[in-house]
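Colleague: Structure file work-v4.cif, mmCIF, C-alpha atoms, is pasted below:
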```cif
data_my_file
#
loop_
_atom_site.label_atom_id
_atom_site.label_comp_id
_atom_site.auth_asym_id
_atom_site.auth_seq_id
_atom_site.Cartn_x
_atom_site.Cartn_y
_atom_site.Cartn_z
CA MET A 1 173.93 61.57 133.11
CA VAL A 2 175.67 61.19 129.76
CA ILE A 3 176.56 64.18 127.59
CA THR A 4 178.27 63.85 124.23
CA GLN A 5 179.62 66.84 122.38
CA LYS A 6 181.56 66.92 119.15
CA ILE A 7 183.93 69.82 118.56
CA GLU A 8 185.53 70.77 115.28
CA PHE A 9 188.91 72.28 114.47
CA THR A 10 191.32 72.55 111.57
CA SER A 11 194.87 71.29 111.69
CA LYS A 12 197.44 73.35 109.81
CA LYS A 13 200.36 71.01 109.23
CA GLN A 14 200.92 67.37 108.30
CA LEU A 15 201.67 66.54 111.94
CA ASP A 16 199.88 69.09 114.07
CA PHE A 17 198.96 69.42 117.72
CA THR A 18 195.73 71.26 118.58
CA ASP A 19 195.12 72.25 122.18
CA ILE A 20 191.51 71.38 123.00
CA THR A 21 191.74 71.83 126.78
CA ASP A 22 189.55 74.94 126.90
CA ALA A 23 186.91 73.34 124.70
CA VAL A 24 186.78 70.29 126.96
CA ARG A 25 186.63 72.46 130.10
CA ASP A 26 183.85 74.61 128.62
CA THR A 27 181.83 71.55 127.66
CA VAL A 28 182.16 70.14 131.16
CA ARG A 29 181.12 73.43 132.79
CA GLU A 30 178.12 73.89 130.53
CA SER A 31 177.02 70.33 131.22
CA GLY A 32 176.76 70.95 134.94
CA ALA A 33 178.27 67.52 135.56
CA LYS A 34 179.92 67.25 138.96
CA GLY A 35 181.54 63.85 139.39
CA GLY A 36 182.46 61.02 137.08
CA MET A 37 184.78 60.94 134.11
CA VAL A 38 185.34 62.50 130.73
CA VAL A 39 186.47 60.50 127.72
CA VAL A 40 188.11 62.46 124.92
CA PHE A 41 187.85 60.19 121.91
CA SER A 42 189.17 60.41 118.36
CA GLN A 43 186.88 58.83 115.77
CA HIS A 44 189.66 59.08 113.18
CA THR A 45 192.26 56.43 112.43
CA THR A 46 195.01 58.94 111.72
CA MET A 47 194.55 61.20 114.75
CA GLY A 48 195.67 60.58 118.31
CA VAL A 49 194.99 62.25 121.64
CA VAL A 50 197.62 62.87 124.29
CA ILE A 51 197.87 64.86 127.51
CA ASN A 52 201.10 66.74 128.04
CA HIS A 53 202.76 70.12 128.36
CA HIS A 54 201.70 72.60 125.66
CA GLU A 55 205.14 74.08 125.08
CA PRO A 56 205.86 74.77 121.42
CA MET A 57 209.47 73.56 121.40
CA LEU A 58 208.41 70.32 123.08
CA LEU A 59 205.76 69.68 120.46
CA GLN A 60 208.46 70.18 117.85
CA ASP A 61 210.60 67.59 119.68
CA MET A 62 207.71 65.13 119.79
CA THR A 63 207.12 65.67 116.07
CA HIS A 64 210.75 64.71 115.44
CA VAL A 65 210.48 61.63 117.67
CA LEU A 66 207.36 60.42 115.84
CA GLN A 67 208.87 61.09 112.41
CA ARG A 68 212.01 59.21 113.40
CA LEU A 69 210.17 56.21 114.85
CA VAL A 70 207.68 55.97 111.96
CA PRO A 71 209.22 57.80 108.98
CA VAL A 72 206.98 59.44 106.39
CA ASP A 73 209.38 58.45 103.63
CA ALA A 74 209.57 54.71 104.30
CA GLN A 75 207.48 52.20 102.37
CA TYR A 76 204.09 51.16 103.70
CA ALA A 77 202.05 48.40 102.07
CA HIS A 78 198.89 50.34 103.01
CA ASP A 79 199.95 52.96 100.47
CA VAL A 80 200.11 50.51 97.56
CA PHE A 81 196.44 50.81 96.67
CA GLU A 82 196.68 48.01 94.12
CA LEU A 83 197.55 45.56 96.93
CA ARG A 84 194.67 46.43 99.18
CA SER A 85 191.82 43.97 99.43
CA THR A 86 189.49 46.48 101.02
CA ARG A 87 188.56 49.09 98.49
CA THR A 88 187.44 51.86 100.78
CA PRO A 89 187.15 55.14 98.97
CA SER A 90 190.50 56.83 99.41
CA ASP A 91 191.45 60.44 98.94
CA GLY A 92 194.74 59.22 97.57
CA ARG A 93 196.91 60.20 100.52
CA SER A 94 199.82 57.94 101.36
CA ASN A 95 199.13 57.76 105.04
CA GLY A 96 200.26 54.31 106.21
CA HIS A 97 202.72 56.08 108.50
CA SER A 98 199.90 58.18 110.01
CA HIS A 99 197.89 55.13 111.03
CA CYS A 100 200.94 53.51 112.63
CA LYS A 101 201.71 56.67 114.61
CA ALA A 102 198.07 56.80 115.72
CA MET A 103 198.30 53.25 117.08
CA LEU A 104 201.41 54.15 119.07
CA LEU A 105 199.85 57.29 120.59
CA GLY A 106 196.34 55.98 121.17
CA GLY A 107 193.15 57.85 120.47
CA ASP A 108 191.34 57.99 123.81
CA VAL A 109 192.08 59.55 127.17
CA THR A 110 189.94 59.23 130.28
CA ILE A 111 190.09 62.15 132.69
CA PRO A 112 188.73 62.10 136.26
CA LEU A 113 185.97 64.61 137.01
CA ALA A 114 185.32 65.78 140.59
CA ASP A 115 183.45 68.79 141.99
CA GLY A 116 182.71 69.88 138.44
CA GLU A 117 186.39 70.15 137.49
CA LEU A 118 188.68 68.04 135.33
CA LEU A 119 191.51 66.75 137.51
CA LEU A 120 194.27 67.87 135.18
CA GLY A 121 197.69 68.77 136.53
CA GLU A 122 198.92 72.34 136.36
CA ARG A 123 201.01 71.82 133.21
CA GLN A 124 198.71 69.31 131.49
CA SER A 125 196.91 70.18 128.29
CA ILE A 126 194.72 67.92 126.16
CA LEU A 127 196.21 67.77 122.67
CA ALA A 128 194.58 66.34 119.56
CA VAL A 129 197.39 65.11 117.34
CA ASP A 130 196.61 65.14 113.65
CA LEU A 131 199.01 62.73 111.97
CA ASP A 132 197.65 63.20 108.47
CA GLY A 133 196.88 66.93 108.27
CA PRO A 134 196.06 69.48 107.33
CA ARG A 135 192.40 68.51 107.65
CA THR A 136 189.18 69.62 109.25
CA ARG A 137 188.71 67.28 112.19
CA ASP A 138 186.30 66.64 115.00
CA ILE A 139 186.70 64.98 118.35
CA ILE A 140 184.24 63.59 120.87
CA ILE A 141 183.95 64.88 124.43
CA HIS A 142 181.93 62.31 126.33
CA ILE A 143 180.95 63.10 129.91
CA VAL A 144 179.63 60.39 132.20
CA SER A 145 178.52 61.69 135.58
CA VAL A 146 177.07 59.58 138.38
CA MET B 1 179.57 57.33 143.82
CA VAL B 2 182.85 59.04 143.01
CA ILE B 3 185.93 58.67 145.21
CA THR B 4 189.21 60.38 144.45
CA GLN B 5 192.37 59.55 146.32
CA LYS B 6 195.86 60.85 145.75
CA ILE B 7 198.76 58.66 146.78
CA GLU B 8 202.37 59.73 147.10
CA PHE B 9 205.61 57.89 146.47
CA THR B 10 209.24 58.62 145.72
CA SER B 11 211.04 57.40 142.64
CA LYS B 12 214.67 56.47 143.07
CA LYS B 13 216.17 56.59 139.59
CA GLN B 14 215.93 58.77 136.50
CA LEU B 15 213.64 56.20 134.86
CA ASP B 16 211.88 54.31 137.61
CA PHE B 17 208.90 52.00 137.87
CA THR B 18 206.85 52.08 141.08
CA ASP B 19 204.34 49.32 141.70
CA ILE B 20 201.15 50.95 142.97
CA THR B 21 198.86 47.93 142.63
CA ASP B 22 198.42 47.39 146.35
CA ALA B 23 197.69 51.07 146.95
CA VAL B 24 195.01 51.03 144.24
CA ARG B 25 193.51 47.80 145.60
CA ASP B 26 193.46 49.15 149.16
CA THR B 27 191.78 52.36 148.02
CA VAL B 28 189.13 50.39 146.17
CA ARG B 29 188.45 48.12 149.15
CA GLU B 30 188.22 50.99 151.63
CA SER B 31 185.82 52.79 149.31
CA GLY B 32 183.31 49.97 149.40
CA ALA B 33 182.72 50.48 145.67
CA LYS B 34 181.34 47.36 144.00
CA GLY B 35 180.94 47.93 140.28
CA GLY B 36 182.15 50.54 137.82
CA MET B 37 185.66 51.53 136.86
CA VAL B 38 188.87 52.90 138.28
CA VAL B 39 190.98 55.48 136.48
CA VAL B 40 194.61 55.69 137.53
CA PHE B 41 195.74 59.09 136.30
CA SER B 42 199.10 60.85 136.25
CA GLN B 43 198.84 64.61 136.70
CA HIS B 44 202.49 64.96 135.68
CA THR B 45 203.79 65.53 132.17
CA THR B 46 206.91 63.41 132.68
CA MET B 47 205.30 60.38 134.30
CA GLY B 48 203.36 57.59 132.62
CA VAL B 49 201.21 54.71 133.85
CA VAL B 50 201.30 51.21 132.42
CA ILE B 51 199.95 47.82 133.38
CA ASN B 52 202.31 44.90 132.93
CA HIS B 53 204.30 42.18 134.64
CA HIS B 54 206.31 43.40 137.62
CA GLU B 55 209.43 41.38 136.91
CA PRO B 56 212.65 43.29 137.59
CA MET B 57 214.58 42.11 134.52
CA LEU B 58 211.64 43.03 132.30
CA LEU B 59 211.50 46.54 133.73
CA GLN B 60 215.20 46.83 132.93
CA ASP B 61 214.45 45.73 129.34
CA MET B 62 211.68 48.30 129.03
CA THR B 63 214.03 50.98 130.37
CA HIS B 64 216.48 50.10 127.59
CA VAL B 65 213.73 50.17 124.95
CA LEU B 66 212.54 53.62 126.08
CA GLN B 67 216.09 55.00 126.23
CA ARG B 68 216.82 53.66 122.76
CA LEU B 69 213.60 55.01 121.22
CA VAL B 70 213.89 58.43 122.90
CA PRO B 71 217.54 58.89 123.92
CA VAL B 72 218.43 61.03 126.92
CA ASP B 73 221.53 62.30 125.14
CA ALA B 74 219.91 63.58 121.93
CA GLN B 75 219.06 67.25 121.44
CA TYR B 76 215.61 68.48 122.39
CA ALA B 77 214.46 72.03 121.61
CA HIS B 78 212.45 71.96 124.85
CA ASP B 79 215.77 71.96 126.73
CA VAL B 80 217.04 75.16 125.09
CA PHE B 81 215.37 77.45 127.59
CA GLU B 82 216.32 80.56 125.59
CA LEU B 83 214.14 79.33 122.71
CA ARG B 84 211.02 78.73 124.75
CA SER B 85 208.19 81.19 124.40
CA THR B 86 206.45 79.98 127.52
CA ARG B 87 208.49 80.91 130.52
CA THR B 88 207.10 78.51 133.03
CA PRO B 89 209.28 78.30 136.11
CA SER B 90 211.70 75.46 135.46
CA ASP B 91 213.85 73.55 137.87
CA GLY B 92 216.51 73.51 135.19
CA ARG B 93 216.22 69.84 134.26
CA SER B 94 216.77 68.91 130.63
CA ASN B 95 213.72 66.73 130.34
CA GLY B 96 212.48 67.05 126.76
CA HIS B 97 213.10 63.32 126.40
CA SER B 98 210.98 62.60 129.49
CA HIS B 99 207.93 64.38 128.07
CA CYS B 100 208.26 62.52 124.76
CA LYS B 101 208.48 59.17 126.53
CA ALA B 102 205.41 60.11 128.58
CA MET B 103 203.42 60.79 125.41
CA LEU B 104 204.38 57.38 124.02
CA LEU B 105 203.39 55.52 127.21
CA GLY B 106 200.27 57.49 128.12
CA GLY B 107 199.35 58.63 131.58
CA ASP B 108 195.94 57.10 132.23
CA VAL B 109 194.64 53.57 132.54
CA THR B 110 191.02 52.56 133.06
CA ILE B 111 190.46 49.32 134.95
CA PRO B 112 187.14 47.47 135.16
CA LEU B 113 185.69 47.07 138.67
CA ALA B 114 183.22 44.26 139.44
CA ASP B 115 182.08 42.69 142.72
CA GLY B 116 184.40 45.06 144.56
CA GLU B 117 187.50 43.78 142.78
CA LEU B 118 189.76 45.21 140.09
CA LEU B 119 189.63 42.89 137.09
CA LEU B 120 193.40 42.64 136.74
CA GLY B 121 194.99 39.54 135.26
CA GLU B 122 197.10 37.27 137.42
CA ARG B 123 200.41 38.75 136.27
CA GLN B 124 199.28 42.35 135.86
CA SER B 125 200.61 45.10 138.08
CA ILE B 126 199.88 48.82 137.86
CA LEU B 127 203.18 50.64 137.40
CA ALA B 128 203.77 54.38 137.67
CA VAL B 129 206.69 55.18 135.38
CA ASP B 130 208.73 58.19 136.43
CA LEU B 131 210.59 59.39 133.34
CA ASP B 132 212.29 62.33 135.04
CA GLY B 133 213.18 61.01 138.49
CA PRO B 134 214.16 60.83 141.16
CA ARG B 135 211.26 62.88 142.46
CA THR B 136 208.46 62.80 144.96
CA ARG B 137 205.35 62.09 142.92
CA ASP B 138 201.67 61.61 143.39
CA ILE B 139 199.06 59.84 141.33
CA ILE B 140 195.27 59.94 141.28
CA ILE B 141 193.09 56.91 141.95
CA HIS B 142 189.60 57.82 140.79
CA ILE B 143 186.80 55.36 141.45
CA VAL B 144 183.45 55.73 139.70
CA SER B 145 180.87 53.21 140.87
CA VAL B 146 177.30 52.97 139.60
CA MET C 1 174.41 49.00 135.55
CA VAL C 2 177.66 47.09 135.12
CA ILE C 3 178.02 44.18 132.70
CA THR C 4 181.22 42.23 132.28
CA GLN C 5 181.71 39.74 129.49
CA LYS C 6 184.79 37.77 128.59
CA ILE C 7 185.22 36.69 125.00
CA GLU C 8 187.71 34.14 123.73
CA PHE C 9 189.61 33.89 120.46
CA THR C 10 192.70 32.25 119.05
CA SER C 11 195.55 34.17 117.49
CA LYS C 12 197.29 32.52 114.57
CA LYS C 13 200.68 34.22 114.31
CA GLN C 14 203.38 35.46 116.65
CA LEU C 15 202.16 39.03 116.20
CA ASP C 16 198.50 38.88 115.30
CA PHE C 17 195.61 41.31 115.14
CA THR C 18 192.11 39.99 115.90
CA ASP C 19 189.14 42.17 115.07
CA ILE C 20 186.76 42.04 118.03
CA THR C 21 184.49 44.92 116.98
CA ASP C 22 181.47 42.73 116.25
CA ALA C 23 181.83 40.86 119.53
CA VAL C 24 181.95 44.13 121.46
CA ARG C 25 178.96 45.53 119.53
CA ASP C 26 176.95 42.33 120.12
CA THR C 27 177.73 42.39 123.83
CA VAL C 28 176.61 46.00 124.08
CA ARG C 29 173.36 45.33 122.19
CA GLU C 30 172.52 42.26 124.25
CA SER C 31 173.15 44.21 127.45
CA GLY C 32 170.52 46.78 126.62
CA ALA C 33 172.84 49.48 127.95
CA LYS C 34 172.05 52.90 126.49
CA GLY C 35 174.53 55.48 127.74
CA GLY C 36 177.88 55.34 129.50
CA MET C 37 181.15 53.79 128.41
CA VAL C 38 182.70 50.51 127.43
CA VAL C 39 186.17 49.46 128.54
CA VAL C 40 187.88 46.82 126.43
CA PHE C 41 190.59 45.45 128.69
CA SER C 42 193.39 42.95 128.16
CA GLN C 43 194.20 40.89 131.25
CA HIS C 44 197.36 39.63 129.57
CA THR C 45 200.80 41.23 129.78
CA THR C 46 201.75 40.35 126.22
CA MET C 47 198.57 41.49 124.47
CA GLY C 48 197.53 45.04 123.62
CA VAL C 49 194.33 46.65 122.38
CA VAL C 50 194.17 49.37 119.74
CA ILE C 51 191.49 51.02 117.67
CA ASN C 52 192.33 51.63 114.03
CA HIS C 53 191.52 50.76 110.44
CA HIS C 54 191.18 47.02 109.79
CA GLU C 55 193.00 46.97 106.47
CA PRO C 56 195.26 43.94 106.03
CA MET C 57 198.19 45.78 104.44
CA LEU C 58 198.14 48.36 107.22
CA LEU C 59 198.27 45.67 109.89
CA GLN C 60 201.29 44.26 108.07
CA ASP C 61 202.88 47.74 108.18
CA MET C 62 202.18 48.06 111.90
CA THR C 63 203.70 44.62 112.47
CA HIS C 64 206.88 45.84 110.76
CA VAL C 65 206.93 49.04 112.82
CA LEU C 66 206.58 47.11 116.08
CA GLN C 67 209.22 44.55 115.09
CA ARG C 68 211.62 47.36 114.14
CA LEU C 69 211.05 49.37 117.32
CA VAL C 70 211.25 46.33 119.62
CA PRO C 71 213.06 43.56 117.72
CA VAL C 72 212.32 39.93 118.46
CA ASP C 73 215.97 39.02 117.95
CA ALA C 74 217.56 41.49 120.40
CA GLN C 75 218.58 40.47 123.90
CA TYR C 76 216.13 40.86 126.76
CA ALA C 77 217.13 40.24 130.37
CA HIS C 78 213.59 38.95 131.00
CA ASP C 79 214.45 35.97 128.81
CA VAL C 80 217.46 34.92 130.88
CA PHE C 81 215.46 32.84 133.30
CA GLU C 82 218.49 32.26 135.53
CA LEU C 83 218.65 36.01 136.26
CA ARG C 84 215.04 36.39 137.27
CA SER C 85 214.27 36.83 140.93
CA THR C 86 210.59 36.06 140.48
CA ARG C 87 210.18 32.43 139.64
CA THR C 88 206.76 32.51 138.10
CA PRO C 89 206.01 29.34 136.22
CA SER C 90 207.07 30.02 132.66
CA ASP C 91 206.13 28.21 129.52
CA GLY C 92 209.66 28.84 128.33
CA ARG C 93 208.85 31.41 125.69
CA SER C 94 211.37 34.20 125.19
CA ASN C 95 208.86 37.00 125.26
CA GLY C 96 210.63 40.02 126.75
CA HIS C 97 210.00 41.82 123.46
CA SER C 98 206.28 41.01 123.67
CA HIS C 99 205.89 42.66 127.07
CA CYS C 100 207.76 45.78 125.88
CA LYS C 101 205.52 46.07 122.82
CA ALA C 102 202.46 45.65 125.04
CA MET C 103 203.59 48.57 127.23
CA LEU C 104 203.99 50.77 124.14
CA LEU C 105 200.54 49.90 122.74
CA GLY C 106 198.59 49.83 125.99
CA GLY C 107 196.01 47.25 126.94
CA ASP C 108 192.84 49.25 127.58
CA VAL C 109 190.59 51.43 125.47
CA THR C 110 187.55 53.33 126.68
CA ILE C 111 184.79 53.86 124.14
CA PRO C 112 181.88 56.28 124.56
CA LEU C 113 178.42 54.71 124.54
CA ALA C 114 175.33 56.76 123.62
CA ASP C 115 171.82 55.76 122.52
CA GLY C 116 172.86 52.13 122.79
CA GLU C 117 175.65 52.49 120.23
CA LEU C 118 179.43 52.58 120.48
CA LEU C 119 180.63 55.93 119.16
CA LEU C 120 183.20 54.44 116.82
CA GLY C 121 184.20 56.23 113.63
CA GLU C 122 183.29 54.75 110.27
CA ARG C 123 186.74 53.22 109.70
CA GLN C 124 187.50 52.28 113.29
CA SER C 125 187.77 48.68 114.41
CA ILE C 126 188.72 47.36 117.82
CA LEU C 127 191.76 45.16 117.45
CA ALA C 128 193.25 42.82 120.05
CA VAL C 129 196.96 42.61 119.34
CA ASP C 130 198.58 39.36 120.41
CA LEU C 131 202.30 40.04 120.74
CA ASP C 132 203.22 36.53 121.85
CA GLY C 133 201.01 34.29 119.76
CA PRO C 134 199.76 31.99 118.64
CA ARG C 135 197.68 31.47 121.78
CA THR C 136 194.12 31.12 122.96
CA ARG C 137 193.29 34.48 124.51
CA ASP C 138 190.41 36.21 126.19
CA ILE C 139 189.55 39.84 126.60
CA ILE C 140 187.17 41.71 128.89
CA ILE C 141 184.28 43.83 127.63
CA HIS C 142 183.14 45.93 130.55
CA ILE C 143 180.04 48.06 130.12
CA VAL C 144 179.20 50.78 132.61
CA SER C 145 175.88 52.47 131.92
CA VAL C 146 174.36 55.25 134.01
#
```
Take the structure in this file and express it as structure tokens.
Modeller:
Amino acid sequence: MVITQKIEFTSKKQLDFTDITDAVRDTVRESGAKGGMVVVFSQHTTMGVVINHHEPMLLQDMTHVLQRLVPVDAQYAHDVFELRSTRTPSDGRSNGHSHCKAMLLGGDVTIPLADGELLLGERQSILAVDLDGPRTRDIIIHIVSV
Amino acid sequence: MVITQKIEFTSKKQLDFTDITDAVRDTVRESGAKGGMVVVFSQHTTMGVVINHHEPMLLQDMTHVLQRLVPVDAQYAHDVFELRSTRTPSDGRSNGHSHCKAMLLGGDVTIPLADGELLLGERQSILAVDLDGPRTRDIIIHIVSV
Amino acid sequence: MVITQKIEFTSKKQLDFTDITDAVRDTVRESGAKGGMVVVFSQHTTMGVVINHHEPMLLQDMTHVLQRLVPVDAQYAHDVFELRSTRTPSDGRSNGHSHCKAMLLGGDVTIPLADGELLLGERQSILAVDLDGPRTRDIIIHIVSV
């Protein structure tokens, strides 16, 4: 059985963590799926997905780490629209840094599913990481049960 | 068929790689699973999982890279317990850096399974990366065969 | 149903992105698989896989980010062959940096499959990232449909 659900949320800051754990859990419970795996998948190129502790000061720390490793205020060739060979419609944001952060974080997590429950640890939350917010975003919850 | 196995090990250093390849292979063989995939999943927020070459000098290099990118001796708001709004019981470790490293590495890998064998490359090992050791840890091996 | 396909390509630079989206899509279509997931898996320890926007200037930016975070011209113990305890045959490349970059990027992505289509976003491409090129490389496309 394969169930795909898209959920929507709005990020509030440029770099913003949204806890989607409850939404994923609800989707799994409503699906009735018992065993298999759940893929949480970002269809955006400037949004990552991570699993970690949802503790506000920690998310602030991680924001600082990401901004230090891939600074917003450095120069990115992606942001020089005149240089780009692909002329995809752009909303004019300078978001080269956001894409690079997204590649470091990754945009998919695969979570084991057994006895109808996600096998998350006690302090684990599923966090969508908008790296180019604020925006309205969606994310895919894809359940494969066997 | 879904088989979930938890294996336990003890890390010996603050940042420590444990090779769990044989444990994963044994679990797969005992399961009798032939085709599908295997998720190796960390339920801890300060432990990652990577697949790479198990060569001791390389693991030392990667330790240096991680310590340089996310220094142990920087300041992390997560470690100022008075500032934290969530009062989860803490063992008093200053491990903000460990969580940030875990988010960079990721805590799940999905490995193809065919003809009863993990499709790992010749020099690939599955490494659990404790970022807040030494500790006794466990990790989930989740086999989904179809 | 499980289908495993290996595709081959040649990277042209030391750090080189190869777009394998079409190859993955073709493999999925030829398989006839309808629902499940697709794992794109690197069997190499100096090659990663990411999903992001295939825009040449952006890939140049990401190259700079990776070279800054894990410089080619730093010292890596892995490259001092005399120090290594494991005497795997080496082609003599100094590629400690390549392995470290591969661990940061990760070498597997799991993509939802529904109605016979990969659920990729409009601007998402699947990119194999050779971190020790140029080389002839292969990558595994592993389809699990239920």
Colleague: Onto chain A, please fit chain B by least squares using all C-alpha atoms in order, then return the transformed chain as a compact mmCIF listing (two decimals) with C-alpha atoms, keeping the file's coordinate frame.
Modeller:
```txt
# COMPACT_ATOMS: atom_id res chain seq x y z
CA MET B 1 173.93 61.58 133.10
CA VAL B 2 175.67 61.20 129.76
CA ILE B 3 176.56 64.19 127.58
CA THR B 4 178.27 63.85 124.23
CA GLN B 5 179.63 66.83 122.38
CA LYS B 6 181.57 66.92 119.15
CA ILE B 7 183.93 69.81 118.57
CA GLU B 8 185.54 70.76 115.29
CA PHE B 9 188.91 72.27 114.48
CA THR B 10 191.32 72.54 111.59
CA SER B 11 194.88 71.30 111.69
CA LYS B 12 197.43 73.33 109.80
CA LYS B 13 200.36 71.00 109.21
CA GLN B 14 200.92 67.37 108.29
CA LEU B 15 201.67 66.55 111.93
CA ASP B 16 199.88 69.09 114.07
CA PHE B 17 198.95 69.42 117.72
CA THR B 18 195.73 71.25 118.59
CA ASP B 19 195.12 72.26 122.18
CA ILE B 20 191.51 71.39 123.01
CA THR B 21 191.73 71.83 126.78
CA ASP B 22 189.56 74.92 126.91
CA ALA B 23 186.91 73.34 124.69
CA VAL B 24 186.77 70.28 126.96
CA ARG B 25 186.62 72.45 130.09
CA ASP B 26 183.85 74.62 128.63
CA THR B 27 181.84 71.55 127.66
CA VAL B 28 182.18 70.14 131.16
CA ARG B 29 181.14 73.42 132.79
CA GLU B 30 178.12 73.90 130.53
CA SER B 31 177.03 70.34 131.24
CA GLY B 32 176.76 70.95 134.95
CA ALA B 33 178.29 67.52 135.55
CA LYS B 34 179.92 67.25 138.98
CA GLY B 35 181.54 63.86 139.40
CA GLY B 36 182.45 61.01 137.08
CA MET B 37 184.78 60.95 134.12
CA VAL B 38 185.35 62.50 130.73
CA VAL B 39 186.47 60.50 127.71
CA VAL B 40 188.10 62.47 124.92
CA PHE B 41 187.86 60.19 121.91
CA SER B 42 189.18 60.42 118.36
CA GLN B 43 186.88 58.83 115.79
CA HIS B 44 189.66 59.08 113.19
CA THR B 45 192.25 56.44 112.42
CA THR B 46 195.02 58.95 111.72
CA MET B 47 194.54 61.20 114.74
CA GLY B 48 195.65 60.58 118.31
CA VAL B 49 194.98 62.25 121.66
CA VAL B 50 197.61 62.87 124.31
CA ILE B 51 197.86 64.86 127.50
CA ASN B 52 201.10 66.74 128.04
CA HIS B 53 202.74 70.13 128.36
CA HIS B 54 201.70 72.60 125.67
CA GLU B 55 205.12 74.09 125.08
CA PRO B 56 205.86 74.78 121.41
CA MET B 57 209.47 73.56 121.39
CA LEU B 58 208.41 70.33 123.08
CA LEU B 59 205.75 69.70 120.46
CA GLN B 60 208.45 70.17 117.84
CA ASP B 61 210.60 67.59 119.68
CA MET B 62 207.72 65.13 119.79
CA THR B 63 207.12 65.67 116.06
CA HIS B 64 210.76 64.72 115.43
CA VAL B 65 210.48 61.63 117.66
CA LEU B 66 207.35 60.43 115.85
CA GLN B 67 208.86 61.07 112.41
CA ARG B 68 212.01 59.21 113.39
CA LEU B 69 210.16 56.21 114.86
CA VAL B 70 207.68 55.96 111.97
CA PRO B 71 209.21 57.79 108.99
CA VAL B 72 206.98 59.44 106.40
CA ASP B 73 209.38 58.44 103.64
CA ALA B 74 209.56 54.69 104.32
CA GLN B 75 207.48 52.19 102.36
CA TYR B 76 204.09 51.17 103.70
CA ALA B 77 202.04 48.40 102.07
CA HIS B 78 198.90 50.34 103.01
CA ASP B 79 199.94 52.98 100.45
CA VAL B 80 200.13 50.51 97.55
CA PHE B 81 196.46 50.81 96.68
CA GLU B 82 196.69 48.00 94.11
CA LEU B 83 197.57 45.56 96.92
CA ARG B 84 194.67 46.43 99.17
CA SER B 85 191.83 43.97 99.41
CA THR B 86 189.49 46.47 100.99
CA ARG B 87 188.60 49.11 98.48
CA THR B 88 187.44 51.83 100.77
CA PRO B 89 187.16 55.14 98.96
CA SER B 90 190.51 56.84 99.43
CA ASP B 91 191.45 60.45 98.96
CA GLY B 92 194.74 59.23 97.57
CA ARG B 93 196.91 60.20 100.53
CA SER B 94 199.84 57.94 101.36
CA ASN B 95 199.12 57.75 105.05
CA GLY B 96 200.24 54.31 106.20
CA HIS B 97 202.70 56.08 108.49
CA SER B 98 199.90 58.18 109.99
CA HIS B 99 197.87 55.13 111.03
CA CYS B 100 200.93 53.52 112.62
CA LYS B 101 201.71 56.66 114.60
CA ALA B 102 198.07 56.79 115.72
CA MET B 103 198.29 53.25 117.07
CA LEU B 104 201.41 54.15 119.06
CA LEU B 105 199.84 57.28 120.58
CA GLY B 106 196.32 55.98 121.18
CA GLY B 107 193.16 57.87 120.47
CA ASP B 108 191.34 57.98 123.80
CA VAL B 109 192.07 59.54 127.16
CA THR B 110 189.94 59.22 130.28
CA ILE B 111 190.09 62.15 132.69
CA PRO B 112 188.74 62.10 136.25
CA LEU B 113 185.97 64.61 137.01
CA ALA B 114 185.32 65.78 140.58
CA ASP B 115 183.46 68.79 141.99
CA GLY B 116 182.71 69.88 138.44
CA GLU B 117 186.38 70.14 137.50
CA LEU B 118 188.69 68.05 135.33
CA LEU B 119 191.50 66.76 137.53
CA LEU B 120 194.26 67.88 135.18
CA GLY B 121 197.68 68.77 136.52
CA GLU B 122 198.92 72.34 136.37
CA ARG B 123 200.98 71.81 133.23
CA GLN B 124 198.71 69.32 131.49
CA SER B 125 196.91 70.19 128.29
CA ILE B 126 194.72 67.92 126.17
CA LEU B 127 196.21 67.78 122.68
CA ALA B 128 194.58 66.34 119.56
CA VAL B 129 197.39 65.11 117.34
CA ASP B 130 196.61 65.15 113.64
CA LEU B 131 199.00 62.72 111.97
CA ASP B 132 197.65 63.20 108.46
CA GLY B 133 196.88 66.92 108.27
CA PRO B 134 196.05 69.48 107.33
CA ARG B 135 192.41 68.52 107.65
CA THR B 136 189.19 69.60 109.25
CA ARG B 137 188.72 67.27 112.19
CA ASP B 138 186.31 66.63 114.99
CA ILE B 139 186.70 64.97 118.34
CA ILE B 140 184.24 63.59 120.87
CA ILE B 141 183.95 64.89 124.43
CA HIS B 142 181.92 62.32 126.34
CA ILE B 143 180.95 63.11 129.91
CA VAL B 144 179.62 60.39 132.21
CA SER B 145 178.53 61.70 135.59
CA VAL B 146 177.09 59.59 138.40
```
Colleague: With all atoms listed in the file as the basis for distance, which of A:Leu59, A:Leu83, A:Val24, A:Val50 is at the shortest distance from Leu104 in chain A?
Modeller: A:Val50
Colleague: For the provided coordinates, the residues matched by the PyMOL selection byres ((chain B and resi 110) around 7) should be stated as a count of residues only.
Modeller: 9
Colleague: Contacts of Ile139 in chain A at 8 Å or less, counting only C-alpha atoms, minus same-chain residues fewer than 2 places along, as a CSV table (one decimal) with C-alpha atoms, keeping the file's coordinate frame?
Modeller:
```
chain,number,residue,atom,x,y,z
A,6,LYS,CA,181.6,66.9,119.2
A,7,ILE,CA,183.9,69.8,118.6
A,8,GLU,CA,185.5,70.8,115.3
A,40,VAL,CA,188.1,62.5,124.9
A,41,PHE,CA,187.8,60.2,121.9
A,42,SER,CA,189.2,60.4,118.4
A,43,GLN,CA,186.9,58.8,115.8
A,137,ARG,CA,188.7,67.3,112.2
A,141,ILE,CA,184.0,64.9,124.4
```
